[in-house]
Each structure stands twice: as structure tokens, then as C-alpha cells.
$ cat model-v5.cif   # mmCIF, C-alpha atoms
data_protein
#
loop_
_atom_site.group_PDB
_atom_site.id
_atom_site.type_symbol
_atom_site.label_atom_id
_atom_site.label_comp_id
_atom_site.auth_asym_id
_atom_site.auth_seq_id
_atom_site.Cartn_x
_atom_site.Cartn_y
_atom_site.Cartn_z
ATOM 1 C CA MET A 1 21.974 -15.404 -10.303
ATOM 2 C CA SER A 2 18.704 -13.483 -10.643
ATOM 3 C CA LEU A 3 18.927 -9.702 -11.086
ATOM 4 C CA LEU A 4 16.139 -7.304 -10.219
ATOM 5 C CA ALA A 5 14.594 -5.846 -13.392
ATOM 6 C CA TRP A 6 13.750 -2.155 -13.733
ATOM 7 C CA ILE A 7 10.869 -1.482 -16.105
ATOM 8 C CA ASN A 8 9.260 1.562 -17.665
ATOM 9 C CA GLY A 9 7.015 2.421 -20.566
ATOM 10 C CA GLU A 10 6.303 -0.650 -22.669
ATOM 11 C CA THR A 11 9.097 -2.782 -21.208
ATOM 12 C CA PRO A 12 7.565 -6.234 -20.616
ATOM 13 C CA LEU A 13 7.734 -7.801 -17.196
ATOM 14 C CA PRO A 14 10.303 -10.625 -17.011
ATOM 15 C CA HIS A 15 9.394 -14.275 -16.517
ATOM 16 C CA PRO A 16 8.650 -15.141 -12.868
ATOM 17 C CA SER A 17 11.573 -17.577 -12.822
ATOM 18 C CA GLN A 18 13.858 -14.527 -12.725
ATOM 19 C CA ALA A 19 12.528 -13.384 -9.342
ATOM 20 C CA LEU A 20 14.798 -13.019 -6.335
ATOM 21 C CA PRO A 21 14.496 -15.729 -3.654
ATOM 22 C CA GLU A 22 11.897 -13.736 -1.679
ATOM 23 C CA GLY A 23 9.779 -13.336 -4.832
ATOM 24 C CA LEU A 24 10.591 -9.757 -5.851
ATOM 25 C CA LEU A 25 10.840 -9.664 -9.638
ATOM 26 C CA ALA A 26 10.814 -6.092 -10.944
ATOM 27 C CA VAL A 27 10.581 -2.408 -9.999
ATOM 28 C CA GLY A 28 8.888 0.449 -11.810
ATOM 29 C CA GLY A 29 6.156 0.864 -14.380
ATOM 30 C CA ASP A 30 2.595 1.870 -13.647
ATOM 31 C CA LEU A 31 -0.763 0.416 -12.643
ATOM 32 C CA SER A 32 -2.505 0.805 -15.980
ATOM 33 C CA ILE A 33 -5.059 -1.836 -16.926
ATOM 34 C CA SER A 34 -2.766 -3.121 -19.674
ATOM 35 C CA ARG A 35 0.151 -3.497 -17.247
ATOM 36 C CA LEU A 36 -1.970 -5.170 -14.585
ATOM 37 C CA THR A 37 -3.433 -7.555 -17.163
ATOM 38 C CA GLU A 38 0.050 -8.483 -18.338
ATOM 39 C CA ALA A 39 1.231 -9.003 -14.774
ATOM 40 C CA TYR A 40 -1.616 -11.195 -13.581
ATOM 41 C CA SER A 41 -1.528 -13.231 -16.787
ATOM 42 C CA LYS A 42 2.099 -14.024 -15.946
ATOM 43 C CA GLY A 43 1.423 -14.801 -12.284
ATOM 44 C CA ILE A 44 2.832 -11.484 -11.058
ATOM 45 C CA PHE A 45 1.216 -8.918 -8.738
ATOM 46 C CA PRO A 46 2.092 -5.441 -7.360
ATOM 47 C CA TRP A 47 2.822 -5.007 -3.663
ATOM 48 C CA TYR A 48 4.573 -1.906 -2.341
ATOM 49 C CA ASN A 49 4.328 0.978 0.098
ATOM 50 C CA GLU A 50 2.640 4.201 -0.932
ATOM 51 C CA GLY A 51 5.146 6.709 -2.288
ATOM 52 C CA ASP A 52 7.610 4.018 -3.412
ATOM 53 C CA PRO A 53 8.081 2.720 -6.969
ATOM 54 C CA VAL A 54 5.793 -0.153 -7.924
ATOM 55 C CA LEU A 55 7.248 -3.509 -6.840
ATOM 56 C CA TRP A 56 6.246 -6.625 -8.789
ATOM 57 C CA TRP A 57 6.236 -10.024 -7.082
ATOM 58 C CA SER A 58 5.984 -13.709 -7.953
ATOM 59 C CA PRO A 59 6.735 -15.733 -4.811
ATOM 60 C CA ASP A 60 7.802 -19.356 -4.735
ATOM 61 C CA PRO A 61 5.989 -21.220 -3.268
ATOM 62 C CA ARG A 62 2.619 -19.661 -4.012
ATOM 63 C CA MET A 63 -0.336 -19.882 -1.633
ATOM 64 C CA VAL A 64 -3.327 -21.353 -3.482
ATOM 65 C CA LEU A 65 -6.774 -22.467 -2.350
ATOM 66 C CA ASP A 66 -8.279 -25.408 -4.221
ATOM 67 C CA VAL A 67 -12.006 -24.712 -3.938
ATOM 68 C CA ARG A 68 -12.566 -28.389 -3.064
ATOM 69 C CA ASN A 69 -10.276 -28.039 -0.032
ATOM 70 C CA PHE A 70 -12.128 -25.204 1.684
ATOM 71 C CA CYS A 71 -12.520 -26.296 5.290
ATOM 72 C CA PRO A 72 -14.860 -24.069 7.304
ATOM 73 C CA SER A 73 -15.137 -24.746 11.008
ATOM 74 C CA HIS A 74 -18.118 -26.624 12.416
ATOM 75 C CA SER A 75 -19.612 -23.375 13.742
ATOM 76 C CA LEU A 76 -19.191 -21.631 10.393
ATOM 77 C CA ARG A 77 -20.800 -24.539 8.527
ATOM 78 C CA LYS A 78 -23.755 -24.334 10.911
ATOM 79 C CA ARG A 79 -24.035 -20.587 10.369
ATOM 80 C CA LEU A 80 -23.872 -20.989 6.586
ATOM 81 C CA ARG A 81 -26.769 -23.454 6.724
ATOM 82 C CA GLN A 82 -28.794 -20.967 8.756
ATOM 83 C CA ILE A 83 -28.067 -18.182 6.258
ATOM 84 C CA ALA A 84 -29.033 -20.438 3.339
ATOM 85 C CA ARG A 85 -32.420 -21.181 4.863
ATOM 86 C CA GLU A 86 -33.280 -17.491 5.138
ATOM 87 C CA GLU A 87 -31.301 -15.843 2.330
ATOM 88 C CA GLN A 88 -34.247 -15.295 -0.024
ATOM 89 C CA ASN A 89 -36.364 -13.715 2.684
ATOM 90 C CA PRO A 90 -36.264 -9.932 2.111
ATOM 91 C CA ASN A 91 -36.108 -9.485 5.886
ATOM 92 C CA SER A 92 -33.258 -11.921 6.479
ATOM 93 C CA ARG A 93 -30.577 -10.546 8.808
ATOM 94 C CA ILE A 94 -27.690 -11.741 6.645
ATOM 95 C CA GLN A 95 -27.345 -11.534 2.872
ATOM 96 C CA VAL A 96 -24.393 -11.888 0.543
ATOM 97 C CA THR A 97 -23.994 -9.863 -2.639
ATOM 98 C CA THR A 98 -21.437 -9.344 -5.348
ATOM 99 C CA ASP A 99 -20.305 -6.119 -7.027
ATOM 100 C CA THR A 100 -22.827 -3.953 -5.168
ATOM 101 C CA ALA A 101 -20.342 -1.994 -3.018
ATOM 102 C CA PHE A 102 -16.930 -2.466 -4.605
ATOM 103 C CA GLU A 103 -15.333 0.833 -3.617
ATOM 104 C CA GLU A 104 -16.593 0.534 -0.046
ATOM 105 C CA VAL A 105 -15.082 -2.954 0.168
ATOM 106 C CA MET A 106 -11.733 -1.679 -1.082
ATOM 107 C CA ARG A 107 -11.718 1.160 1.430
ATOM 108 C CA ALA A 108 -12.561 -1.241 4.232
ATOM 109 C CA CYS A 109 -9.768 -3.615 3.171
ATOM 110 C CA ALA A 110 -7.374 -0.653 3.198
ATOM 111 C CA ALA A 111 -8.369 0.516 6.671
ATOM 112 C CA PRO A 112 -5.727 0.246 9.439
ATOM 113 C CA ARG A 113 -5.628 -3.041 11.372
ATOM 114 C CA LYS A 114 -4.273 -3.814 14.812
ATOM 115 C CA SER A 115 -1.866 -6.394 13.406
ATOM 116 C CA GLN A 116 -0.430 -4.080 10.711
ATOM 117 C CA ALA A 117 1.538 -0.856 10.848
ATOM 118 C CA GLY A 118 0.168 0.331 7.506
ATOM 119 C CA THR A 119 -1.545 -0.844 4.355
ATOM 120 C CA TRP A 120 -0.361 -1.792 0.885
ATOM 121 C CA ILE A 121 -3.804 -0.864 -0.507
ATOM 122 C CA SER A 122 -2.787 2.705 -1.205
ATOM 123 C CA SER A 123 -4.880 5.351 -2.921
ATOM 124 C CA ASP A 124 -3.087 4.488 -6.183
ATOM 125 C CA ILE A 125 -3.980 0.808 -5.774
ATOM 126 C CA GLN A 126 -7.590 1.706 -4.973
ATOM 127 C CA ASN A 127 -7.863 3.955 -8.024
ATOM 128 C CA ALA A 128 -6.253 1.403 -10.353
ATOM 129 C CA TYR A 129 -8.356 -1.552 -9.232
ATOM 130 C CA THR A 130 -11.528 0.521 -9.245
ATOM 131 C CA LYS A 131 -10.866 1.312 -12.924
ATOM 132 C CA TRP A 132 -10.233 -2.381 -13.525
ATOM 133 C CA HIS A 133 -13.487 -3.170 -11.714
ATOM 134 C CA ARG A 134 -15.375 -0.791 -13.982
ATOM 135 C CA ALA A 135 -13.806 -2.631 -16.928
ATOM 136 C CA GLY A 136 -15.423 -5.830 -15.613
ATOM 137 C CA VAL A 137 -12.319 -7.662 -14.369
ATOM 138 C CA VAL A 138 -12.110 -6.984 -10.611
ATOM 139 C CA HIS A 139 -15.013 -8.020 -8.382
ATOM 140 C CA SER A 140 -16.177 -7.802 -4.787
ATOM 141 C CA VAL A 141 -18.297 -9.994 -2.538
ATOM 142 C CA GLU A 142 -20.130 -8.335 0.348
ATOM 143 C CA THR A 143 -21.659 -9.724 3.541
ATOM 144 C CA TRP A 144 -24.508 -7.608 4.878
ATOM 145 C CA MET A 145 -25.728 -7.977 8.464
ATOM 146 C CA ASP A 146 -28.788 -6.064 9.608
ATOM 147 C CA GLY A 147 -28.524 -3.884 6.511
ATOM 148 C CA GLU A 148 -24.895 -2.870 7.122
ATOM 149 C CA LEU A 149 -21.739 -3.935 5.336
ATOM 150 C CA ALA A 150 -20.138 -6.314 7.823
ATOM 151 C CA GLY A 151 -17.374 -7.859 5.743
ATOM 152 C CA GLY A 152 -16.235 -8.805 2.282
ATOM 153 C CA LEU A 153 -13.417 -9.345 -0.165
ATOM 154 C CA TYR A 154 -12.283 -8.405 -3.639
ATOM 155 C CA GLY A 155 -10.192 -10.004 -6.351
ATOM 156 C CA VAL A 156 -9.378 -10.367 -10.036
ATOM 157 C CA ASN A 157 -10.965 -12.739 -12.558
ATOM 158 C CA LEU A 158 -9.004 -13.558 -15.688
ATOM 159 C CA GLY A 159 -10.125 -16.530 -17.737
ATOM 160 C CA GLY A 160 -11.034 -19.404 -15.456
ATOM 161 C CA PHE A 161 -8.920 -18.162 -12.556
ATOM 162 C CA PHE A 162 -9.565 -15.949 -9.552
ATOM 163 C CA PHE A 163 -6.873 -13.965 -7.738
ATOM 164 C CA GLY A 164 -7.897 -13.081 -4.201
ATOM 165 C CA GLU A 165 -6.604 -9.674 -3.155
ATOM 166 C CA SER A 166 -7.871 -8.796 0.318
ATOM 167 C CA MET A 167 -10.719 -9.337 2.755
ATOM 168 C CA PHE A 168 -12.062 -7.600 5.853
ATOM 169 C CA ALA A 169 -14.542 -8.236 8.654
ATOM 170 C CA ARG A 170 -16.304 -5.816 10.959
ATOM 171 C CA ARG A 171 -18.319 -8.600 12.577
ATOM 172 C CA ALA A 172 -17.521 -12.225 13.374
ATOM 173 C CA ASP A 173 -17.264 -14.562 10.360
ATOM 174 C CA ALA A 174 -18.343 -11.855 7.890
ATOM 175 C CA SER A 175 -15.326 -12.262 5.590
ATOM 176 C CA LYS A 176 -15.457 -16.073 5.838
ATOM 177 C CA ILE A 177 -19.117 -16.031 4.832
ATOM 178 C CA ALA A 178 -18.227 -13.929 1.786
ATOM 179 C CA LEU A 179 -15.437 -16.370 0.906
ATOM 180 C CA ALA A 180 -17.721 -19.388 1.242
ATOM 181 C CA TYR A 181 -20.266 -17.831 -1.129
ATOM 182 C CA LEU A 182 -17.539 -16.797 -3.565
ATOM 183 C CA LEU A 183 -16.166 -20.345 -3.637
ATOM 184 C CA ARG A 184 -19.577 -21.757 -4.482
ATOM 185 C CA PHE A 185 -20.082 -19.116 -7.189
ATOM 186 C CA LEU A 186 -16.712 -20.032 -8.712
ATOM 187 C CA SER A 187 -17.150 -23.777 -8.323
ATOM 188 C CA VAL A 188 -20.406 -23.985 -10.271
ATOM 189 C CA ARG A 189 -18.692 -22.053 -13.076
ATOM 190 C CA GLY A 190 -15.742 -24.421 -13.278
ATOM 191 C CA VAL A 191 -13.132 -22.342 -11.454
ATOM 192 C CA THR A 192 -11.027 -24.712 -9.349
ATOM 193 C CA HIS A 193 -8.397 -22.525 -7.666
ATOM 194 C CA ILE A 194 -7.968 -19.137 -6.002
ATOM 195 C CA ASP A 195 -4.579 -17.459 -5.835
ATOM 196 C CA CYS A 196 -3.941 -16.301 -2.268
ATOM 197 C CA GLN A 197 -0.476 -14.940 -3.115
ATOM 198 C CA GLN A 198 1.379 -15.289 0.174
ATOM 199 C CA GLU A 199 1.301 -17.868 2.930
ATOM 200 C CA THR A 200 -0.463 -17.002 6.190
ATOM 201 C CA ALA A 201 -1.796 -19.118 9.041
ATOM 202 C CA HIS A 202 -5.288 -17.683 8.502
ATOM 203 C CA LEU A 203 -5.384 -18.817 4.865
ATOM 204 C CA ALA A 204 -3.964 -22.202 5.814
ATOM 205 C CA SER A 205 -6.753 -22.647 8.377
ATOM 206 C CA LEU A 206 -9.281 -22.260 5.552
ATOM 207 C CA GLY A 207 -7.652 -24.903 3.358
ATOM 208 C CA ALA A 208 -5.111 -22.956 1.290
ATOM 209 C CA ARG A 209 -1.739 -24.598 0.676
ATOM 210 C CA PRO A 210 1.617 -23.451 -0.715
ATOM 211 C CA ILE A 211 2.512 -24.980 -4.079
ATOM 212 C CA PRO A 212 5.646 -24.594 -6.223
ATOM 213 C CA ARG A 213 5.559 -21.567 -8.500
ATOM 214 C CA ASP A 214 5.961 -23.760 -11.608
ATOM 215 C CA GLU A 215 2.861 -25.713 -10.630
ATOM 216 C CA PHE A 216 0.955 -22.489 -10.005
ATOM 217 C CA LEU A 217 1.938 -21.141 -13.422
ATOM 218 C CA ARG A 218 0.769 -24.346 -15.116
ATOM 219 C CA LEU A 219 -2.601 -24.056 -13.368
ATOM 220 C CA LEU A 220 -2.833 -20.401 -14.364
ATOM 221 C CA GLN A 221 -1.952 -20.890 -18.026
ATOM 222 C CA GLY A 222 -4.507 -23.660 -18.386
ATOM 223 C CA ALA A 223 -7.194 -21.498 -16.775
ATOM 224 C CA LEU A 224 -6.365 -18.514 -18.976
ATOM 225 C CA GLU A 225 -7.334 -20.536 -22.041
ATOM 226 C CA ARG A 226 -10.943 -20.266 -20.861
ATOM 227 C CA PRO A 227 -13.089 -17.128 -21.206
ATOM 228 C CA SER A 228 -13.530 -14.924 -18.152
ATOM 229 C CA LEU A 229 -16.717 -15.402 -16.166
ATOM 230 C CA GLU A 230 -19.954 -13.559 -16.702
ATOM 231 C CA TRP A 231 -20.301 -11.680 -13.426
ATOM 232 C CA PRO A 232 -23.539 -9.722 -12.970
ATOM 233 C CA ALA A 233 -24.083 -7.736 -9.796
ATOM 234 C CA GLY A 234 -26.689 -8.872 -7.305
ATOM 235 C CA GLN A 235 -27.479 -11.124 -4.378
ATOM 236 C CA LEU A 236 -25.524 -14.381 -4.174
ATOM 237 C CA LEU A 237 -27.263 -17.571 -3.078
ATOM 238 C CA HIS A 238 -25.652 -20.534 -1.369
ATOM 239 C CA THR A 239 -26.137 -22.506 -4.603
ATOM 240 C CA GLY A 240 -23.697 -20.207 -6.388
ATOM 241 C CA GLU A 241 -26.418 -18.577 -8.445
ATOM 242 C CA LEU A 242 -27.704 -15.009 -8.258
ATOM 243 C CA ALA A 243 -31.082 -13.707 -7.208
ATOM 244 C CA ARG A 244 -32.482 -10.311 -8.048
ATOM 245 C CA PRO A 245 -29.591 -9.149 -10.264
ATOM 246 C CA ASN A 246 -28.533 -5.562 -9.634
ATOM 247 C CA ALA A 247 -30.370 -5.506 -6.296
ATOM 248 C CA LYS A 248 -28.438 -4.331 -3.274
ATOM 249 C CA ALA A 249 -29.033 -5.826 0.117
ATOM 250 C CA GLY A 250 -29.746 -3.420 2.904
#
$ encode --input "model-v5.cif" --output "C-alpha cells"
Amino acid sequence: MSLLAWINGETPLPHPSQALPEGLLAVGGDLSISRLTEAYSKGIFPWYNEGDPVLWWSPDPRMVLDVRNFCPSHSLRKRLRQIAREEQNPNSRIQVTTDTAFEEVMRACAAPRKSQAGTWISSDIQNAYTKWHRAGVVHSVETWMDGELAGGLYGVNLGGFFFGESMFARRADASKIALAYLLRFLSVRGVTHIDCQQETAHLASLGARPIPRDEFLRLLQGALERPSLEWPAGQLLHTGELARPNAKAG
């Protein structure tokens, strides 16, 4: 029978196979970069309410999106083609960027939603992942519409793997557009899967599927043998390349 582990200081996180049936593995510790790096490298992530001890999770099955299985709707595919035709026009209404507004994306992802009573993206989470972003490991993708941030997402890149954390949309399709551009960016760099952590109908509608935790860990360990991606800030193109590095849309 699995027992919940309590950790502190330098105590290593246990193997994910020791998690409780719902995926909870350990309690305690901090959100230092070294602890987060250890956790994600083992297929573990923090998820807890503000004010509580840190809870560490490794669910089984694990929701994963194979980049080849992304299935945008017909209307979204049409919209993506329209954006691609105009994306290099400085006056285009819609542009997609990466790492140009990370903290704003995190705050937007943490904002209250009608379908949720609260948010797990607490101030501690925001501070920890912002530090990790500044260390070059956590990244954002932003969709700009008429010069305003309309949607986006953020996640973690370790080796040849990407862990999706959260996304938001203030206007229709804005987060899906960001995801589509992220997938192309990852695909041309050899990244084949995105960790979506937990199963939801929304993720399933985009092509994500639950896989056994053992299979997920095999995918992860193989990807971690590769170097992490070079990830300059700038405008993303539909080809997966960047234009005007360090330029911010809007």
C-alpha cells in the first residue's frame, strides 16, 4: 500500500509509482528552482491551494498531447490560415509572440474564472515560475489582437519535453491560436509531446489523450536525454520560426 511522503530540506521526492490512487505523492518542501527541476524531471508537479503545504502529484493515467494529434476545428484551421497570410505585416490584427509578456500571461491564467471557485496559481506559484522563467526554463506564448493581449499559455521546457501549465483567453480562440503556434514551434525542433497533466474534455477536444504513467515516464526520460531548446523571445510565425527576435507585438 502506498503511503504519502512528507518531505523537507534536501529530502528527495519519491518515485511516482508510490503515489496514492488519485495521484498525490508527497507533501511539503518548497518551490525552489532545484526542487521544481527535480520534480518535473521525475514527472511530478505541484498543485495545491494557497496557504496549504505544497502538494506533489503524479497522476495515472497522465494526459498527454502528441503534437501530431492536434485536431483544431475547421473554423480554427481557417482562422490560422488567415493569420499566417498576414502575420508578417506590421499592421496585422493578430500576432503571436513568445516570452514577451510572461508575467502578464501568468497573472491572466491565475485570474478567477466562472467555472472555478479559486485558482491554484497562487502568488507563491507565480513568484516561483517567474524566477524559473528568468532562468530560461519556463516560457509563455502570447496571442495579440488589435495590439492587446487576448490570450496565451505558459509551460516548462526540460530537455526535449514541454509541460503545459495553464492557458487563458479573453477573446474567442486566442488560447487555441497560441497553442497551435506553440505546437509548430516545438514540432520543428523535434519535441513530440506536451504534458497536459490532468484529463479534461477541453484538452481531449484538441487531441490530448490519457496514457499510463509508466508510458509517460518512458517518454519523459527519453526526452530528457536531449538538450533543452534554444528559446529566444520574439514574434512566432506559423512555420515555427521566429521573426524580429525580441520584438513585442502591439
$ residues_around --input "model-v5.cif" --residues "Glu165 (chain A)" --least-positions-apart "6" --cutoff "9 Å" --atoms "only C-alpha atoms" --output "MDAnalysis selection string"
chainID A and resid 153:156 195:197
$ atom_distance --input "model-v5.cif" --atom1 "CA of Pro232 (chain A)" --atom2 "CA of Gly136 (chain A)"
9.4 Å
$ residues_around --input "model-v5.cif" --residues "Leu242 (chain A)" --least-positions-apart "2" --cutoff "12 Å" --atoms "only C-alpha atoms" --output "list in words"
Glu87, Gln88, Gln95, Val96, Thr97, Thr98, Asp99, Tyr181, Leu182, Arg184, Phe185, Val188, Glu230, Trp231, Pro232, Ala233, Gly234, Gln235, Leu236, Leu237, His238, Thr239, Gly240, Arg244, Pro245, Asn246, Ala247 and Lys248 of chain A
$ atom_distance --input "model-v5.cif" --atom1 "CA of Leu217 (chain A)" --atom2 "CA of His193 (chain A)"
11.9 Å
$ closest_residue --input "model-v5.cif" --among "A:Leu65, A:Val141, A:Ala128, A:Leu203" --to "Asp30 (chain A)" --atoms "all atoms listed in the file"
A:Ala128
$ atom_distance --input "model-v5.cif" --atom1 "CA of Val54 (chain A)" --atom2 "CA of Arg35 (chain A)"
11.4 Å
$ resolve_selection --input "model-v5.cif" --expression "the PyMOL selection byres ((chain A and resi 15) around 12)" --output "ChimeraX atom specification"
/A:2-5,12-14,16-20,23-26,38-44,56-58,213-214,217
$ closest_residue --input "model-v5.cif" --among "A:Glu241, A:Asp146, A:Glu103, A:Glu22" --to "Arg189 (chain A)" --atoms "all atoms listed in the file"
A:Glu241
$ residues_around --input "model-v5.cif" --residues "Asn91 (chain A)" --least-positions-apart "4" --cutoff "12 Å" --atoms "only C-alpha atoms" --output "ChimeraX atom specification"
/A:83,86-87,95,144-147,249-250
$ closest_residue --input "model-v5.cif" --among "A:His202, A:Arg77, A:Arg218, A:Lys131" --to "Phe161 (chain A)" --atoms "all atoms listed in the file"
A:Arg218
$ resolve_selection --input "model-v5.cif" --expression "the PyMOL selection byres ((chain A and resi 157) around 9)" --output "MDAnalysis selection string"
chainID A and resid 136:139 155:156 158:164 228:229
$ closest_residue --input "model-v5.cif" --among "A:Gln126, A:Asn69, A:Thr143, A:Thr37" --to "Thr192 (chain A)" --atoms "only C-alpha atoms"
A:Asn69
$ resolve_selection --input "model-v5.cif" --expression "the PyMOL selection byres ((chain A and resi 176) around 12)" --output "ChimeraX atom specification"
/A:70-73,75-77,79-80,96,141-143,150-153,166-175,177-183,202-203,205-206
$ write_last_selection --input "model-v5.cif" --atoms "C-alpha atoms" --output "PDB file, in the coordinates of the input"
ATOM      1  CA  PHE A  70     -12.128 -25.204   1.684  1.00  0.00           C
ATOM      2  CA  CYS A  71     -12.520 -26.296   5.290  1.00  0.00           C
ATOM      3  CA  PRO A  72     -14.860 -24.069   7.304  1.00  0.00           C
ATOM      4  CA  SER A  73     -15.137 -24.746  11.008  1.00  0.00           C
ATOM      5  CA  SER A  75     -19.612 -23.375  13.742  1.00  0.00           C
ATOM      6  CA  LEU A  76     -19.191 -21.631  10.393  1.00  0.00           C
ATOM      7  CA  ARG A  77     -20.800 -24.539   8.527  1.00  0.00           C
ATOM      8  CA  ARG A  79     -24.035 -20.587  10.369  1.00  0.00           C
ATOM      9  CA  LEU A  80     -23.872 -20.989   6.586  1.00  0.00           C
ATOM     10  CA  VAL A  96     -24.393 -11.888   0.543  1.00  0.00           C
ATOM     11  CA  VAL A 141     -18.297  -9.994  -2.538  1.00  0.00           C
ATOM     12  CA  GLU A 142     -20.130  -8.335   0.348  1.00  0.00           C
ATOM     13  CA  THR A 143     -21.659  -9.724   3.541  1.00  0.00           C
ATOM     14  CA  ALA A 150     -20.138  -6.314   7.823  1.00  0.00           C
ATOM     15  CA  GLY A 151     -17.374  -7.859   5.743  1.00  0.00           C
ATOM     16  CA  GLY A 152     -16.235  -8.805   2.282  1.00  0.00           C
ATOM     17  CA  LEU A 153     -13.417  -9.345  -0.165  1.00  0.00           C
ATOM     18  CA  SER A 166      -7.871  -8.796   0.318  1.00  0.00           C
ATOM     19  CA  MET A 167     -10.719  -9.337   2.755  1.00  0.00           C
ATOM     20  CA  PHE A 168     -12.062  -7.600   5.853  1.00  0.00           C
ATOM     21  CA  ALA A 169     -14.542  -8.236   8.654  1.00  0.00           C
ATOM     22  CA  ARG A 170     -16.304  -5.816  10.959  1.00  0.00           C
ATOM     23  CA  ARG A 171     -18.319  -8.600  12.577  1.00  0.00           C
ATOM     24  CA  ALA A 172     -17.521 -12.225  13.374  1.00  0.00           C
ATOM     25  CA  ASP A 173     -17.264 -14.562  10.360  1.00  0.00           C
ATOM     26  CA  ALA A 174     -18.343 -11.855   7.890  1.00  0.00           C
ATOM     27  CA  SER A 175     -15.326 -12.262   5.590  1.00  0.00           C
ATOM     28  CA  ILE A 177     -19.117 -16.031   4.832  1.00  0.00           C
ATOM     29  CA  ALA A 178     -18.227 -13.929   1.786  1.00  0.00           C
ATOM     30  CA  LEU A 179     -15.437 -16.370   0.906  1.00  0.00           C
ATOM     31  CA  ALA A 180     -17.721 -19.388   1.242  1.00  0.00           C
ATOM     32  CA  TYR A 181     -20.266 -17.831  -1.129  1.00  0.00           C
ATOM     33  CA  LEU A 182     -17.539 -16.797  -3.565  1.00  0.00           C
ATOM     34  CA  LEU A 183     -16.166 -20.345  -3.637  1.00  0.00           C
ATOM     35  CA  HIS A 202      -5.288 -17.683   8.502  1.00  0.00           C
ATOM     36  CA  LEU A 203      -5.384 -18.817   4.865  1.00  0.00           C
ATOM     37  CA  SER A 205      -6.753 -22.647   8.377  1.00  0.00           C
ATOM     38  CA  LEU A 206      -9.281 -22.260   5.552  1.00  0.00           C
TER      39      LEU A 206
END
$ closest_residue --input "model-v5.cif" --among "A:Pro90, A:Glu50, A:Leu149, A:Met63" --to "Ala110 (chain A)" --atoms "all atoms listed in the file"
A:Glu50
$ axis_aligned_box --input "model-v5.cif" --around "region 220-239 of chain A" --padding-each-side "3 Å" --output "AutoDock Vina command-line options"
--center_x -14.7 --center_y -15.7 --center_z -11.7 --size_x 31.5 --size_y 21.9 --size_z 26.7
$ residues_around --input "model-v5.cif" --residues "region 118-125 of chain A" --least-positions-apart "5" --cutoff "9 Å" --atoms "all atoms listed in the file" --output "ChimeraX atom specification"
/A:31,46-51,106-107,109-113,130,166
$ decode --input "model-v5.cif" --residues "region 163-209 of chain A" --atoms "C-alpha atoms" --output "compact mmCIF listing (two decimals), in the first residue's frame"
# COMPACT_ATOMS: atom_id res chain seq x y z
CA PHE A 163 5.00 20.62 -19.76
CA GLY A 164 1.92 22.74 -20.35
CA GLU A 165 0.83 24.57 -17.21
CA SER A 166 -2.13 26.83 -17.97
CA MET A 167 -3.80 28.87 -20.69
CA PHE A 168 -6.31 31.71 -20.85
CA ALA A 169 -8.43 33.53 -23.43
CA ARG A 170 -10.02 36.95 -23.31
CA ARG A 171 -11.27 36.66 -26.88
CA ALA A 172 -12.51 33.71 -28.94
CA ASP A 173 -9.84 31.18 -29.97
CA ALA A 174 -6.98 33.27 -28.52
CA SER A 175 -5.57 30.46 -26.36
CA LYS A 176 -6.05 27.87 -29.13
CA ILE A 177 -4.14 30.08 -31.56
CA ALA A 178 -1.28 30.31 -29.06
CA LEU A 179 -1.32 26.52 -28.66
CA ALA A 180 -1.28 25.94 -32.41
CA TYR A 181 1.77 28.19 -32.81
CA LEU A 182 3.49 26.57 -29.84
CA LEU A 183 2.95 23.11 -31.32
CA ARG A 184 4.54 24.15 -34.60
CA PHE A 185 7.47 25.76 -32.76
CA LEU A 186 8.01 22.53 -30.80
CA SER A 187 7.47 20.23 -33.76
CA VAL A 188 10.17 21.78 -35.95
CA ARG A 189 12.57 21.39 -33.01
CA GLY A 190 11.84 17.70 -32.54
CA VAL A 191 9.57 17.89 -29.50
CA THR A 192 6.83 15.29 -29.94
CA HIS A 193 4.70 15.51 -26.79
CA ILE A 194 3.23 18.03 -24.36
CA ASP A 195 2.32 17.04 -20.82
CA CYS A 196 -1.19 18.27 -20.04
CA GLN A 197 -1.16 16.77 -16.53
CA GLN A 198 -4.83 16.05 -15.91
CA GLU A 199 -7.66 14.88 -18.12
CA THR A 200 -10.29 17.41 -19.21
CA ALA A 201 -12.85 17.42 -22.01
CA HIS A 202 -11.33 20.63 -23.41
CA LEU A 203 -7.88 19.05 -23.77
CA ALA A 204 -9.41 15.90 -25.24
CA SER A 205 -11.20 18.01 -27.87
CA LEU A 206 -7.80 19.30 -29.01
CA GLY A 207 -6.30 15.83 -29.40
CA ALA A 208 -4.81 15.08 -25.97
CA ARG A 209 -5.20 11.54 -24.64
